[in-house]
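Data block below; observations after.
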Amino acid sequence: MRPDRSIKIAPSILSADFADFGQEIEAIEAQGADWVHVDVMDGHFVPNLTFGPPAIAAFRRHVTTVMDVHLMIAPVDPYIDAFARAGADVLTAHLEAGPHIHRTLQAIRGAGCKAGLALNPGTGIDGVENLLDMVDLVCVMTVNPGFGGQKFIHSQIDKVKRLRALIGDRPIHIEIDGGITPETAPLMAAAGADVLVAGSAVFKGGSVENPAPYGENIRAIRAAAEAATGVMA
Ligand code: DX5
Ligand code: ZN
């Protein structure tokens, strides 16, 4: 059976109102989000600090789609069970976060989550080759991790093309994270990505009181990506 390659939009709540996560999550889901992308940052692996398992458990009470948790932390292993218990559906660890990524991915699946592998812009895809049986998703960073609102790194387009060829028909999502807009989304969809994370491009112009722009922004990104691939949901 051919894997689902339909375009999925995953708004990153890093760009949401930090005083109103529950309402923001409900708003983006009501406005068409397919997944909810949650950026966990430890101030060590990346130069920013966000939230831990207790916050994830609180978000879980509002997420009805897929909670896609992006772990920008090192080490990863000591925290996997806590994030899984908090309700993550997908747990994505960075290849660069430590020397034993195979064990990390084993632990993520062992904890009952889908396993994601994230690659920083400076990391090649050769490290993925021996992990294709261990991952459900590969996240290609198109910004250097740590902040929303950064500029898309175009050199990653070729990496995605090569990654899609490496993955072939395996049921592995290619997720793009950073600088996704209606202008950059088609570039990555055409290269073979199916999950598009977008923070600033989704939340711009809207609010919990006025969520309509969230829906307009999500539809614009989705339409641009689908036009580039012809794959409708
Ligand atoms: C960056 C995060 C991204 C970021 C995306 O470290 O992993 O998910 O929130 O934000 P935008 O879409 O604004 O680049
Ligand atoms: Zn992210």
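Each chain of the structure tokens is named A, B, ... in the order shown, its residues numbered from 1; ligands are numbered from 1 in display order.
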
Checklist entry - Got a sec: who's within 12 Å of A:His100, counting only C-alpha atoms, leaving out chain neighbours fewer than 6 positions off, as a VMD selection string? => result chain A and resid 74 to 77 93 to 94 106 to 107 127 131

Could the residues of chain A that have an atom at most 7 Å from ligand 2 be listed as a tab-separated table, each with its closest atom pair and the distance in Å to one decimal, counting only C-alpha atoms and all ligand atoms and ordered by chain and ascending residue number?
```
residue	atom	partner	partner_atom_place_in_ligand_line	distance
A:Ser12	CA	ligand 2	1 (Zn)	6.6
A:His37	CA	ligand 2	1 (Zn)	6.5
A:Val38	CA	ligand 2	1 (Zn)	6.6
A:Asp39	CA	ligand 2	1 (Zn)	4.9
A:His70	CA	ligand 2	1 (Zn)	5.3
A:Asp177	CA	ligand 2	1 (Zn)	5.6
```

Can you spit out the residues from that selection as a compact mmCIF listing (two decimals), in the first residue's frame, using all heavy atoms?
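The resulting part-v4.txt:
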```txt
# COMPACT_ATOMS: atom_id res chain seq x y z
N SER A 12 3.49 25.59 14.54
CA SER A 12 4.34 25.52 15.73
C SER A 12 3.83 26.53 16.76
O SER A 12 3.77 27.74 16.48
CB SER A 12 5.79 25.87 15.39
OG SER A 12 6.48 26.21 16.58
N HIS A 37 2.59 21.30 16.34
CA HIS A 37 4.03 21.14 16.52
C HIS A 37 4.45 21.88 17.79
O HIS A 37 4.18 23.07 17.94
CB HIS A 37 4.76 21.72 15.31
CG HIS A 37 6.23 21.49 15.28
ND1 HIS A 37 6.81 20.31 14.88
CD2 HIS A 37 7.25 22.33 15.61
CE1 HIS A 37 8.14 20.43 14.95
NE2 HIS A 37 8.43 21.64 15.39
N VAL A 38 5.11 21.13 18.71
CA VAL A 38 5.49 21.69 20.01
C VAL A 38 7.00 21.67 20.15
O VAL A 38 7.62 20.59 20.18
CB VAL A 38 4.84 20.86 21.15
CG1 VAL A 38 5.22 21.42 22.50
CG2 VAL A 38 3.30 20.83 21.00
N ASP A 39 7.60 22.86 20.24
CA ASP A 39 9.06 22.98 20.26
C ASP A 39 9.59 23.00 21.69
O ASP A 39 9.42 23.98 22.41
CB ASP A 39 9.47 24.28 19.55
CG ASP A 39 9.30 24.16 18.05
OD1 ASP A 39 9.79 23.16 17.49
OD2 ASP A 39 8.68 25.05 17.44
N HIS A 70 8.89 18.25 19.21
CA HIS A 70 10.22 18.42 18.63
C HIS A 70 11.19 18.68 19.78
O HIS A 70 11.18 19.77 20.37
CB HIS A 70 10.18 19.60 17.66
CG HIS A 70 11.48 19.91 17.00
ND1 HIS A 70 11.65 21.03 16.24
CD2 HIS A 70 12.67 19.25 16.98
CE1 HIS A 70 12.90 21.06 15.78
NE2 HIS A 70 13.53 19.99 16.21
N ASP A 177 10.93 22.08 8.81
CA ASP A 177 10.73 22.90 10.01
C ASP A 177 11.57 24.17 9.96
O ASP A 177 12.78 24.13 10.13
CB ASP A 177 11.10 22.06 11.25
CG ASP A 177 10.65 22.72 12.52
OD1 ASP A 177 9.94 23.75 12.43
OD2 ASP A 177 11.00 22.24 13.60
```

Taking only C-alpha atoms and all ligand atoms into account, produce a table as a Markdown table in which each residue of chain A with an atom at most 7 Å from an atom of ligand 1 appears once, together with its shortest atom pair and the distance in Å to one decimal, ordered by chain and rising number.
```
| residue | atom | partner | partner_atom_place_in_ligand_line | distance |
| --- | --- | --- | --- | --- |
| A:Ser12 | CA | ligand 1 | 9 (O) | 5.1 |
| A:Ile13 | CA | ligand 1 | 9 (O) | 7.0 |
| A:Leu14 | CA | ligand 1 | 9 (O) | 5.0 |
| A:Ser15 | CA | ligand 1 | 9 (O) | 6.4 |
| A:His37 | CA | ligand 1 | 8 (O) | 6.8 |
| A:Asp39 | CA | ligand 1 | 7 (O) | 5.6 |
| A:His70 | CA | ligand 1 | 7 (O) | 6.7 |
| A:Val143 | CA | ligand 1 | 1 (C) | 6.7 |
| A:Asn144 | CA | ligand 1 | 6 (O) | 6.5 |
| A:Pro145 | CA | ligand 1 | 6 (O) | 3.3 |
| A:Gly146 | CA | ligand 1 | 6 (O) | 3.7 |
| A:Phe147 | CA | ligand 1 | 1 (C) | 4.6 |
| A:Gly148 | CA | ligand 1 | 10 (O) | 3.5 |
| A:Gly149 | CA | ligand 1 | 13 (O) | 3.7 |
| A:Gln150 | CA | ligand 1 | 14 (O) | 5.2 |
| A:Asp177 | CA | ligand 1 | 8 (O) | 5.2 |
| A:Gly178 | CA | ligand 1 | 14 (O) | 3.6 |
| A:Gly179 | CA | ligand 1 | 14 (O) | 3.8 |
| A:Ile180 | CA | ligand 1 | 12 (O) | 5.3 |
| A:Val197 | CA | ligand 1 | 8 (O) | 6.1 |
| A:Ala198 | CA | ligand 1 | 12 (O) | 3.6 |
| A:Gly199 | CA | ligand 1 | 12 (O) | 3.6 |
| A:Ser200 | CA | ligand 1 | 13 (O) | 3.7 |
| A:Ala201 | CA | ligand 1 | 12 (O) | 5.9 |
```

Item to check | Who sits within 10 Å of A:Ala191, only C-alpha atoms, same chain under 6 positions skipped, as a VMD selection string | outcome: chain A and resid 156 to 165 174 185 228 to 229

Selected residues, all heavy atoms, written as a JSON list (two decimals), in the first residue's frame, please.
```json
[["chain", "number", "residue", "atom", "x", "y", "z"],
["A", 156, "GLN", "N", 18.69, 23.50, 1.74],
["A", 156, "GLN", "CA", 18.10, 22.23, 2.24],
["A", 156, "GLN", "C", 17.17, 21.57, 1.22],
["A", 156, "GLN", "O", 16.78, 20.41, 1.41],
["A", 156, "GLN", "CB", 17.34, 22.49, 3.55],
["A", 156, "GLN", "CG", 18.19, 23.15, 4.62],
["A", 156, "GLN", "CD", 19.44, 22.34, 4.96],
["A", 156, "GLN", "OE1", 19.37, 21.21, 5.43],
["A", 156, "GLN", "NE2", 20.60, 22.92, 4.67],
["A", 157, "ILE", "N", 16.86, 22.27, 0.15],
["A", 157, "ILE", "CA", 15.94, 21.71, -0.85],
["A", 157, "ILE", "C", 16.55, 20.45, -1.48],
["A", 157, "ILE", "O", 15.91, 19.40, -1.55],
["A", 157, "ILE", "CB", 15.61, 22.74, -1.95],
["A", 157, "ILE", "CG1", 14.88, 23.94, -1.35],
["A", 157, "ILE", "CG2", 14.77, 22.09, -3.07],
["A", 157, "ILE", "CD1", 14.67, 25.10, -2.32],
["A", 158, "ASP", "N", 17.82, 20.53, -1.85],
["A", 158, "ASP", "CA", 18.48, 19.38, -2.47],
["A", 158, "ASP", "C", 18.58, 18.22, -1.48],
["A", 158, "ASP", "O", 18.40, 17.05, -1.84],
["A", 158, "ASP", "CB", 19.89, 19.80, -2.95],
["A", 158, "ASP", "CG", 20.61, 18.62, -3.59],
["A", 158, "ASP", "OD1", 20.08, 18.09, -4.59],
["A", 158, "ASP", "OD2", 21.63, 18.17, -3.03],
["A", 159, "LYS", "N", 18.79, 18.55, -0.20],
["A", 159, "LYS", "CA", 18.85, 17.49, 0.83],
["A", 159, "LYS", "C", 17.53, 16.73, 0.88],
["A", 159, "LYS", "O", 17.51, 15.49, 0.98],
["A", 159, "LYS", "CB", 19.14, 18.12, 2.20],
["A", 159, "LYS", "CG", 19.29, 17.12, 3.33],
["A", 159, "LYS", "CD", 19.22, 17.74, 4.71],
["A", 159, "LYS", "CE", 20.40, 18.47, 5.14],
["A", 159, "LYS", "NZ", 20.34, 18.95, 6.56],
["A", 160, "VAL", "N", 16.42, 17.45, 0.78],
["A", 160, "VAL", "CA", 15.11, 16.79, 0.83],
["A", 160, "VAL", "C", 14.90, 15.88, -0.38],
["A", 160, "VAL", "O", 14.40, 14.76, -0.26],
["A", 160, "VAL", "CB", 13.98, 17.84, 0.96],
["A", 160, "VAL", "CG1", 12.61, 17.20, 0.82],
["A", 160, "VAL", "CG2", 14.09, 18.54, 2.31],
["A", 161, "LYS", "N", 15.33, 16.33, -1.54],
["A", 161, "LYS", "CA", 15.21, 15.50, -2.75],
["A", 161, "LYS", "C", 15.97, 14.18, -2.57],
["A", 161, "LYS", "O", 15.47, 13.08, -2.85],
["A", 161, "LYS", "CB", 15.75, 16.23, -3.98],
["A", 161, "LYS", "CG", 14.86, 17.35, -4.47],
["A", 161, "LYS", "CD", 15.49, 18.09, -5.67],
["A", 161, "LYS", "CE", 14.65, 19.30, -6.07],
["A", 161, "LYS", "NZ", 15.39, 20.21, -6.97],
["A", 162, "ARG", "N", 17.20, 14.29, -2.05],
["A", 162, "ARG", "CA", 18.01, 13.08, -1.85],
["A", 162, "ARG", "C", 17.44, 12.20, -0.75],
["A", 162, "ARG", "O", 17.43, 10.97, -0.85],
["A", 162, "ARG", "CB", 19.47, 13.49, -1.52],
["A", 162, "ARG", "CG", 20.20, 14.01, -2.75],
["A", 162, "ARG", "CD", 21.67, 14.34, -2.48],
["A", 162, "ARG", "NE", 21.80, 15.61, -1.77],
["A", 162, "ARG", "CZ", 22.23, 15.71, -0.51],
["A", 162, "ARG", "NH1", 22.53, 14.62, 0.18],
["A", 162, "ARG", "NH2", 22.33, 16.90, 0.06],
["A", 163, "LEU", "N", 16.86, 12.85, 0.27],
["A", 163, "LEU", "CA", 16.25, 12.08, 1.36],
["A", 163, "LEU", "C", 15.03, 11.32, 0.87],
["A", 163, "LEU", "O", 14.82, 10.15, 1.21],
["A", 163, "LEU", "CB", 15.87, 13.03, 2.50],
["A", 163, "LEU", "CG", 15.22, 12.42, 3.75],
["A", 163, "LEU", "CD1", 16.18, 11.44, 4.43],
["A", 163, "LEU", "CD2", 14.80, 13.53, 4.71],
["A", 164, "ARG", "N", 14.22, 11.96, 0.02],
["A", 164, "ARG", "CA", 13.01, 11.31, -0.49],
["A", 164, "ARG", "C", 13.43, 10.09, -1.34],
["A", 164, "ARG", "O", 12.81, 9.02, -1.23],
["A", 164, "ARG", "CB", 12.18, 12.29, -1.32],
["A", 164, "ARG", "CG", 10.94, 11.72, -1.98],
["A", 164, "ARG", "CD", 10.05, 10.88, -1.11],
["A", 164, "ARG", "NE", 9.27, 11.63, -0.13],
["A", 164, "ARG", "CZ", 8.86, 11.11, 1.01],
["A", 164, "ARG", "NH1", 9.20, 9.88, 1.36],
["A", 164, "ARG", "NH2", 8.14, 11.82, 1.84],
["A", 165, "ALA", "N", 14.48, 10.22, -2.09],
["A", 165, "ALA", "CA", 14.96, 9.08, -2.90],
["A", 165, "ALA", "C", 15.44, 7.95, -1.99],
["A", 165, "ALA", "O", 15.15, 6.77, -2.22],
["A", 165, "ALA", "CB", 16.08, 9.54, -3.83],
["A", 174, "ILE", "N", 8.44, 13.07, 5.63],
["A", 174, "ILE", "CA", 9.51, 14.08, 5.62],
["A", 174, "ILE", "C", 8.88, 15.39, 6.08],
["A", 174, "ILE", "O", 7.94, 15.90, 5.45],
["A", 174, "ILE", "CB", 10.15, 14.25, 4.23],
["A", 174, "ILE", "CG1", 10.86, 12.95, 3.80],
["A", 174, "ILE", "CG2", 11.15, 15.41, 4.28],
["A", 174, "ILE", "CD1", 11.55, 13.07, 2.45],
["A", 185, "ALA", "N", 6.84, 26.83, 0.86],
["A", 185, "ALA", "CA", 6.17, 25.53, 0.98],
["A", 185, "ALA", "C", 6.20, 24.73, -0.32],
["A", 185, "ALA", "O", 6.54, 23.53, -0.30],
["A", 185, "ALA", "CB", 4.73, 25.72, 1.45],
["A", 228, "ALA", "N", 2.04, 22.33, -5.96],
["A", 228, "ALA", "CA", 3.38, 21.91, -6.40],
["A", 228, "ALA", "C", 3.49, 20.40, -6.52],
["A", 228, "ALA", "O", 4.42, 19.88, -7.14],
["A", 228, "ALA", "CB", 4.43, 22.42, -5.41],
["A", 229, "THR", "N", 2.53, 19.68, -5.88],
["A", 229, "THR", "CA", 2.67, 18.22, -5.91],
["A", 229, "THR", "C", 1.48, 17.54, -6.57],
["A", 229, "THR", "O", 1.55, 16.41, -6.98],
["A", 229, "THR", "CB", 2.71, 17.64, -4.47],
["A", 229, "THR", "OG1", 1.48, 18.02, -3.82],
["A", 229, "THR", "CG2", 3.87, 18.18, -3.68]]
```

Next on the checklist: Residues within 9 Å of A:Ala88, please, as a PyMOL selection string. Count only C-alpha atoms; anything in the same chain fewer than 6 positions from it doesn't count.
Outcome noted: chain A and resi 56-57+60+66-69+113-114

Next on the checklist: Which residue is closest to A:Val202? Choose from A:Met1, A:Ala223, A:Arg109, A:Ala10 and count only C-alpha atoms.
Outcome noted: A:Ala10

Checklist entry - Quick one: of A:Ala190, A:Leu196, A:Met134, A:Ile80, who's nearest to A:Ile172, counting only C-alpha atoms? => result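 Of A:Ala190, A:Leu196, A:Met134, A:Ile80, the one nearest A:Ile172, counting only C-alpha atoms, is A:Met134.
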
Checklist entry - Skipping near chain neighbours, those fewer than 6 positions away, what residues fall within 10 Å of A:Asp42 using only C-alpha atoms, listed as a list in words? => result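 That gives Asn48, Leu49, Thr50, Phe51, Gly52, Leu71, Met72, Ile73, Ala74, Pro75 and Gly146 of chain A.
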
Checklist entry - So which residues touch A:Gly116 within 6 Å, counting only C-alpha atoms, skipping near sequence neighbours fewer than 5 positions away, as a PyMOL selection string? => result chain A and resi 91-92+135-138
